[in-house]
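K.L.:
The structure is given below, and queries will be raised subsequently.
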Amino acid sequence: MNALIRGARPTSICCKNFRSTGRLQTSSCSVSVHPSRMDDFNFRGKTSSIVSVMGDLHLAPEQMHLFHQAQAQLLKAMADKDGKVIEGARVVQLGDLGHSKHGSGGKACFEFAKSFLEGFGIPYVLVLGNHDLEGEEYETDEENLEAWQTVFGQQHHWCAELGPALLIGLSTTRYRSNTNSHHEVYVDDHQFAWLESTLETSAERPVIIFTHAPPIGCGLKVLQNVHVKNRCAWLNHSDRPERFIQLVRKHPNIKLWFSDEFEVISCHFHLSHNYRDSISVVHQTAFVQTGVIGKCNRDGNRHSRVLQVDHEGYEVLTMDHEVGALRLDLKGSWRLSDRPRPQLPPDDELLCDPSAGWLCDRGSSDSSVEGGDEDGNSLLSDGQAGSMLGKDNEYVKWYRVGLRSILAIQDDLLVEYDIDTASPIGLVCKFPEGCELRLFNKEGQPATNKDGSDVASVTVVNMNSIPQVFNRNEEDRFYQIYQPNKWQARKKTLAAAVPSAESRI
């Protein structure tokens with residue numbers, strides 16, 4: 001398959017015995033997706049294996065020619081020189097199966113997606129995304145989840161064996177019951193406890209994690225005015241989101257994390273792989289953004305990931321569905337001491353939005369750590385400003401507002417960042433050109449402490465309108481809630497309309 005890689009010399013992944021010195025050891029996976037499904041998906045062979053990783057599908061009947069084309073391209077990438085799909089070929093899909101125009105989250109949507117996935121003719125497994133629990137025929141998240149499990153014959157969290165690696169999938173379980181944005185990707189406490197236990201018992205084995213959205217602190221590219229504003233950018237964005245990156249710090253055997261929204265492998269953001277921060281590295285873990293196959297992309301590119309695994313290490317490639325070619329983006333070994341080093345896309349394919357401030361600039365540094373220094377530490381430690389976070393440039397201006405938060409004026413927005421994870425956590429307000437930001441202490445006087453610890457409120461002054469004043473919220477932050485749970489709001493509206501209609505009878 002490597003002969004298809006653009007701009008790379010053909011290489012091979014050698015299949016050698018797994019040596020103990022300096023390398024991770026294998027262990028069995030004690031939790032299965034579903035007995036029959038998992039027996040098929042597990043691959044314990046000594047030959048190399050290949051996984052096609054697909055992000056948001058949002059399948060629509062009028063776009064199926066694009067999906068069938070992509071399916072043929074991925075099958076070709078997983079085939080040997082004679083055109084036969086190799087024994088260790090597998091498919092992982094990262095959630096968001098249906099299109100909003102065609103009843104996403106419903107049973108018919110699940111069955112339509114199942115038909116497409118079974119068209120690969122090889123074992124596959126999925127995780128749920130935020131749109132997979134919005135089925136109109138269900139009143140509760142539990143009903144919706146059970147319908148998904150019934151159609152696909154698998155649990156929503158799972159682990160599987162793929163040669164030397166342990167694959168782990170985690171899913172969102174809330175939509176109607178989310179505290180704020182119904183689109184927040186929420187991994188419940190039961191799954192998190194299972195993840196902790198699985199990692200503890202697999203400490204000597206390389207681990208690859210699949211989720212729909214990425215964890216906070218991973219450094220992948222985000223959309224400030226969409227997912228950050230609505231506080232659905234990160235896993236469990238509104239509820240102890242830092243727990244996931246803390247696991248990464250604790251378990252260096254987590255080698256890869258795929259997501260899809262801008263989702264580790266993740267896919268939640270509908271962005272392609274042509275950004276500097278489409279792959280980021282924190283500690284020993286590479287976080288991999290996964291694009292989309294259909295027309296729901298945000299930048300005109302249609303991408304999937306191809307993961308090649310053997311007993312020595314791995315390769316992560318981009319499948320460009322417009323031309324059907326592969327590009328090598330990351331190559332690494334399973335050694336605990338080895339830190340992944342992503343390869344940047346070619347200059348003619350590289351996309352960069354300068355207004356993204358440090359997120360874009362940081363990607364050009366030598367460390368390839370988004371949200372950390374070369375040792376994987378926070379960009380700001382012990383309340384001291386440093387590195388790119390907190391450093392003004394022509395695209396972003398920073399304001400310290402305490403030991404936990406720092407505000408950034410970028411791209412006509414006032415964005416709040418968490419200092420420990422060096423990640424955006426919410427939007428304060430829009431900040432058009434000509435506005436001025438003023439910081440005040442609790443006495444209403446200008447704040448003077450260098451670290452911003454005396455800031456009690458921030459005021460946005462615009463000569464053409466009344467000043468906006470923002471006090472600290474219940475989390476001791478300044479971000480605002482712009483998207484309360486719309487499903488709950490709609491239910492309340494409908495419930496209020498019933499008595500009104502009855503009174504007119």
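By convention here, the chains of the structure tokens are called A, B, ... in the order presented, each chain's residues are numbered starting at 1, and ligands are numbered starting at 1 in the order presented.
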Which residues of segment 73-119 of chain A come within 12 Å of segment 209-222 of chain A, and for each one, what is the closest pair of atoms and their distance in Å to one decimal, counting only C-alpha atoms, sorted by chain and residue number, as a Markdown table?
P.N.:
```
| residue | atom | partner | partner_atom | distance |
| --- | --- | --- | --- | --- |
| A:Val91 | CA | A:Phe210 | CA | 11.9 |
| A:Val92 | CA | A:Phe210 | CA | 8.4 |
| A:Gln93 | CA | A:Phe210 | CA | 8.9 |
| A:Leu94 | CA | A:His212 | CA | 5.3 |
| A:Gly95 | CA | A:His212 | CA | 6.1 |
| A:Asp96 | CA | A:His212 | CA | 8.3 |
| A:Leu97 | CA | A:His212 | CA | 11.4 |
```
K.L.:
Please report, as JSON lines, each residue of segment 128-205 of chain A lying at most 10 Å from segment 49-64 of chain A, together with the nearest pair of atoms and the separation in Å rounded to one decimal; use only C-alpha atoms, and order rows by chain and ascending residue number.
P.N.:
```
{"residue": "A:Gly129", "atom": "CA", "partner": "A:Asp56", "partner_atom": "CA", "distance": 8.1}
{"residue": "A:His131", "atom": "CA", "partner": "A:His58", "partner_atom": "CA", "distance": 8.9}
{"residue": "A:Asp132", "atom": "CA", "partner": "A:His58", "partner_atom": "CA", "distance": 9.8}
{"residue": "A:Leu162", "atom": "CA", "partner": "A:Ser49", "partner_atom": "CA", "distance": 7.3}
{"residue": "A:Gly163", "atom": "CA", "partner": "A:Ser49", "partner_atom": "CA", "distance": 7.3}
```
K.L.:
Store the residues of this selection in a file with N, CA, C and O atoms, as a short mmCIF file (atom, residue, chain, number, x, y, z; two decimals), in the first residue's frame.
P.N.:
```cif
data_model
loop_
_atom_site.label_atom_id
_atom_site.label_comp_id
_atom_site.auth_asym_id
_atom_site.auth_seq_id
_atom_site.Cartn_x
_atom_site.Cartn_y
_atom_site.Cartn_z
N GLY A 129 -21.30 9.22 18.07
CA GLY A 129 -21.09 10.65 18.09
C GLY A 129 -22.34 11.37 18.58
O GLY A 129 -23.38 10.74 18.84
N HIS A 131 -24.57 13.18 17.11
CA HIS A 131 -25.78 13.10 16.30
C HIS A 131 -26.41 11.71 16.30
O HIS A 131 -27.52 11.54 15.78
N ASP A 132 -25.72 10.73 16.88
CA ASP A 132 -26.26 9.37 16.89
C ASP A 132 -27.31 9.15 17.96
O ASP A 132 -27.94 8.09 18.01
N LEU A 162 -5.49 -5.95 18.24
CA LEU A 162 -5.01 -5.81 16.88
C LEU A 162 -3.50 -6.00 16.89
O LEU A 162 -2.74 -5.06 17.12
N GLY A 163 -3.07 -7.24 16.68
CA GLY A 163 -1.65 -7.53 16.78
C GLY A 163 -1.14 -7.19 18.16
O GLY A 163 -1.72 -7.62 19.17
#
```
K.L.:
May I ask which of the residues A:Pro346, A:Arg335, A:Phe43, A:Glu394 is the closest one to Tyr275 of chain A, counting only C-alpha atoms?
P.N.:
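Closest candidate: A:Pro346.
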K.L.:
As a VMD selection string, please: every residue in segment 130-321 of chain A that DSSP puts in alpha helix (DSSP H).
P.N.:
chain A and resid 141 to 152 189 to 200 242 to 250
K.L.:
Neighbours of segment 103-107 of chain A within 6 Å (only C-alpha atoms; same-chain residues fewer than 4 positions away dropped), as a PyMOL selection string?
P.N.:
chain A and resi 98-99+132-135
K.L.:
Could the residues in this selection be written to a file with all heavy atoms, as a compact mmCIF listing (two decimals), in the first residue's frame?
P.N.:
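Saved result, part-v2.txt, follows:
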```txt
# COMPACT_ATOMS: atom_id res chain seq x y z
N GLY A 98 -25.69 9.55 10.51
CA GLY A 98 -26.74 10.02 9.64
C GLY A 98 -26.69 11.51 9.33
O GLY A 98 -25.97 12.28 9.96
N HIS A 99 -27.48 11.88 8.35
CA HIS A 99 -27.62 13.28 7.93
C HIS A 99 -28.90 13.83 8.53
O HIS A 99 -29.93 13.15 8.62
CB HIS A 99 -27.67 13.37 6.41
CG HIS A 99 -27.44 14.73 5.86
ND1 HIS A 99 -28.37 15.74 5.97
CD2 HIS A 99 -26.37 15.27 5.22
CE1 HIS A 99 -27.90 16.84 5.40
NE2 HIS A 99 -26.70 16.59 4.94
N ASP A 132 -25.72 10.73 16.88
CA ASP A 132 -26.26 9.37 16.89
C ASP A 132 -27.31 9.15 17.96
O ASP A 132 -27.94 8.09 18.01
CB ASP A 132 -25.12 8.36 17.08
CG ASP A 132 -24.18 8.33 15.89
OD1 ASP A 132 -24.66 8.47 14.76
OD2 ASP A 132 -22.95 8.20 16.10
N LEU A 133 -27.51 10.14 18.83
CA LEU A 133 -28.52 10.00 19.89
C LEU A 133 -29.65 11.02 19.74
O LEU A 133 -30.34 11.34 20.70
CB LEU A 133 -27.86 10.17 21.27
CG LEU A 133 -26.93 9.03 21.71
CD1 LEU A 133 -26.32 9.35 23.07
CD2 LEU A 133 -27.68 7.70 21.77
N GLU A 134 -29.85 11.52 18.52
CA GLU A 134 -30.90 12.52 18.32
C GLU A 134 -32.12 11.96 17.58
O GLU A 134 -32.87 12.70 16.97
CB GLU A 134 -30.34 13.74 17.57
CG GLU A 134 -29.81 13.45 16.18
CD GLU A 134 -29.22 14.70 15.51
OE1 GLU A 134 -28.94 15.67 16.23
OE2 GLU A 134 -29.04 14.69 14.28
N GLY A 135 -32.31 10.65 17.69
CA GLY A 135 -33.45 10.03 17.02
C GLY A 135 -34.78 10.57 17.51
O GLY A 135 -35.07 10.55 18.71
```
K.L.:
Let me make sure I understand: among A:Leu74, A:Ala489, A:Arg37, A:Asn473, which one has the smallest atom-to-atom distance to Leu317 of chain A if we use only C-alpha atoms?
P.N.:
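Counting only C-alpha atoms, the residue closest to Leu317 of chain A is A:Leu74.
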K.L.:
Enter the distance from atom CA of Val309 of chain A to atom CA of Pro164 of chain A, in Å, rounded to one decimal.
P.N.:
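Taking atom CA of Val309 of chain A as the start and atom CA of Pro164 of chain A as the end point, the length is 8.3 Å.
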K.L.:
With only C-alpha atoms counted and 12 Å as the cut-off, give the residues of segment 119-173 of chain A in contact with segment 192-199 of chain A, each with its shortest interatomic distance in Å and the pair that gives it, as a Markdown table.
P.N.:
```
| residue | atom | partner | partner_atom | distance |
| --- | --- | --- | --- | --- |
| A:His157 | CA | A:Trp194 | CA | 9.0 |
| A:Trp158 | CA | A:Leu195 | CA | 9.3 |
| A:Cys159 | CA | A:Thr198 | CA | 8.6 |
| A:Ala160 | CA | A:Thr198 | CA | 11.3 |
| A:Leu166 | CA | A:Leu199 | CA | 9.7 |
| A:Leu167 | CA | A:Thr198 | CA | 10.7 |
| A:Ile168 | CA | A:Leu195 | CA | 8.2 |
| A:Gly169 | CA | A:Leu195 | CA | 9.3 |
| A:Leu170 | CA | A:Leu195 | CA | 8.4 |
| A:Ser171 | CA | A:Phe192 | CA | 10.3 |
| A:Thr172 | CA | A:Phe192 | CA | 11.2 |
| A:Thr173 | CA | A:Phe192 | CA | 11.9 |
```
K.L.:
Please, which residues of segment 93-174 of chain A, numbered as in this document, come out strand (DSSP E or B) from DSSP, as a PyMOL selection string?
P.N.:
chain A and resi 93+98+124-126+158-162+165-169
K.L.:
If we count only C-alpha atoms and set the cut-off at 10 Å, which residues sit around Asp451 of chain A, ignoring sequence neighbours fewer than 3 positions away in its own chain? Please answer as a ChimeraX atom specification.
P.N.:
/A:383-385,399-406,447-448,454-455
K.L.:
Filtering to N, CA and C atoms, could you give me those residues as an mmCIF file, in the first residue's frame?
P.N.:
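Output saved as selection32.cif:
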```
data_model
loop_
_atom_site.group_PDB
_atom_site.id
_atom_site.type_symbol
_atom_site.label_atom_id
_atom_site.label_comp_id
_atom_site.auth_asym_id
_atom_site.auth_seq_id
_atom_site.Cartn_x
_atom_site.Cartn_y
_atom_site.Cartn_z
ATOM 1 N N GLY A 383 1.432 29.583 37.466
ATOM 2 C CA GLY A 383 0.904 30.932 37.263
ATOM 3 C C GLY A 383 1.838 31.877 36.529
ATOM 4 N N GLN A 384 2.921 31.373 35.968
ATOM 5 C CA GLN A 384 3.863 32.245 35.268
ATOM 6 C C GLN A 384 3.631 32.155 33.763
ATOM 7 N N ALA A 385 3.521 33.306 33.114
ATOM 8 C CA ALA A 385 3.303 33.323 31.675
ATOM 9 C C ALA A 385 4.542 32.849 30.957
ATOM 10 N N TYR A 399 -4.800 38.498 27.985
ATOM 11 C CA TYR A 399 -5.048 39.203 29.248
ATOM 12 C C TYR A 399 -5.150 38.164 30.365
ATOM 13 N N ARG A 400 -4.264 38.236 31.339
ATOM 14 C CA ARG A 400 -4.313 37.333 32.487
ATOM 15 C C ARG A 400 -5.473 37.720 33.400
ATOM 16 N N VAL A 401 -6.259 36.726 33.801
ATOM 17 C CA VAL A 401 -7.399 36.977 34.691
ATOM 18 C C VAL A 401 -7.386 35.974 35.849
ATOM 19 N N GLY A 402 -6.205 35.643 36.326
ATOM 20 C CA GLY A 402 -6.089 34.720 37.450
ATOM 21 C C GLY A 402 -5.161 33.574 37.148
ATOM 22 N N LEU A 403 -5.054 32.636 38.087
ATOM 23 C CA LEU A 403 -4.132 31.516 37.945
ATOM 24 C C LEU A 403 -4.694 30.397 37.085
ATOM 25 N N ARG A 404 -6.003 30.426 36.820
ATOM 26 C CA ARG A 404 -6.626 29.355 36.044
ATOM 27 C C ARG A 404 -6.929 29.738 34.608
ATOM 28 N N SER A 405 -7.167 31.031 34.365
ATOM 29 C CA SER A 405 -7.665 31.452 33.060
ATOM 30 C C SER A 405 -6.836 32.578 32.462
ATOM 31 N N ILE A 406 -6.891 32.649 31.149
ATOM 32 C CA ILE A 406 -6.310 33.757 30.407
ATOM 33 C C ILE A 406 -7.258 34.046 29.238
ATOM 34 N N ALA A 447 -7.972 46.592 37.706
ATOM 35 C CA ALA A 447 -7.164 45.521 38.286
ATOM 36 C C ALA A 447 -5.697 45.804 38.020
ATOM 37 N N THR A 448 -4.857 45.498 38.993
ATOM 38 C CA THR A 448 -3.440 45.844 38.872
ATOM 39 C C THR A 448 -2.491 44.654 39.013
ATOM 40 N N ASP A 454 -6.626 39.572 40.816
ATOM 41 C CA ASP A 454 -7.593 40.492 41.412
ATOM 42 C C ASP A 454 -8.722 40.872 40.454
ATOM 43 N N VAL A 455 -8.760 40.269 39.267
ATOM 44 C CA VAL A 455 -9.805 40.600 38.289
ATOM 45 C C VAL A 455 -11.124 39.961 38.724
#
```
K.L.:
Identify which of the residues A:Met38, A:Val281, A:Ala408, A:Leu326 lies closest to Ile425 of chain A, counting only C-alpha atoms when measuring atom-to-atom distances.
P.N.:
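Among the listed residues, the smallest separation from Ile425 of chain A belongs to A:Ala408.
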K.L.:
May I ask which of the residues A:Lys295, A:Lys229, A:Lys491, A:Lys397 is the closest one to Glu139 of chain A, counting only C-alpha atoms?
P.N.:
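Among the listed residues, the smallest separation from Glu139 of chain A belongs to A:Lys491.
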K.L.:
From the options A:His102, A:Pro252, A:Leu407, A:Gly324, which residue's atoms come nearest to Arg339 of chain A, counting only C-alpha atoms?
P.N.:
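Using only C-alpha atoms, the shortest distance to Arg339 of chain A belongs to A:Pro252.
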K.L.:
Here is a test: counting only C-alpha atoms, which residue of A:Tyr482, A:Gly45, A:Ala113, A:Pro241 is nearest to Ile86 of chain A?
P.N.:
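Counting only C-alpha atoms, the residue closest to Ile86 of chain A is A:Gly45.
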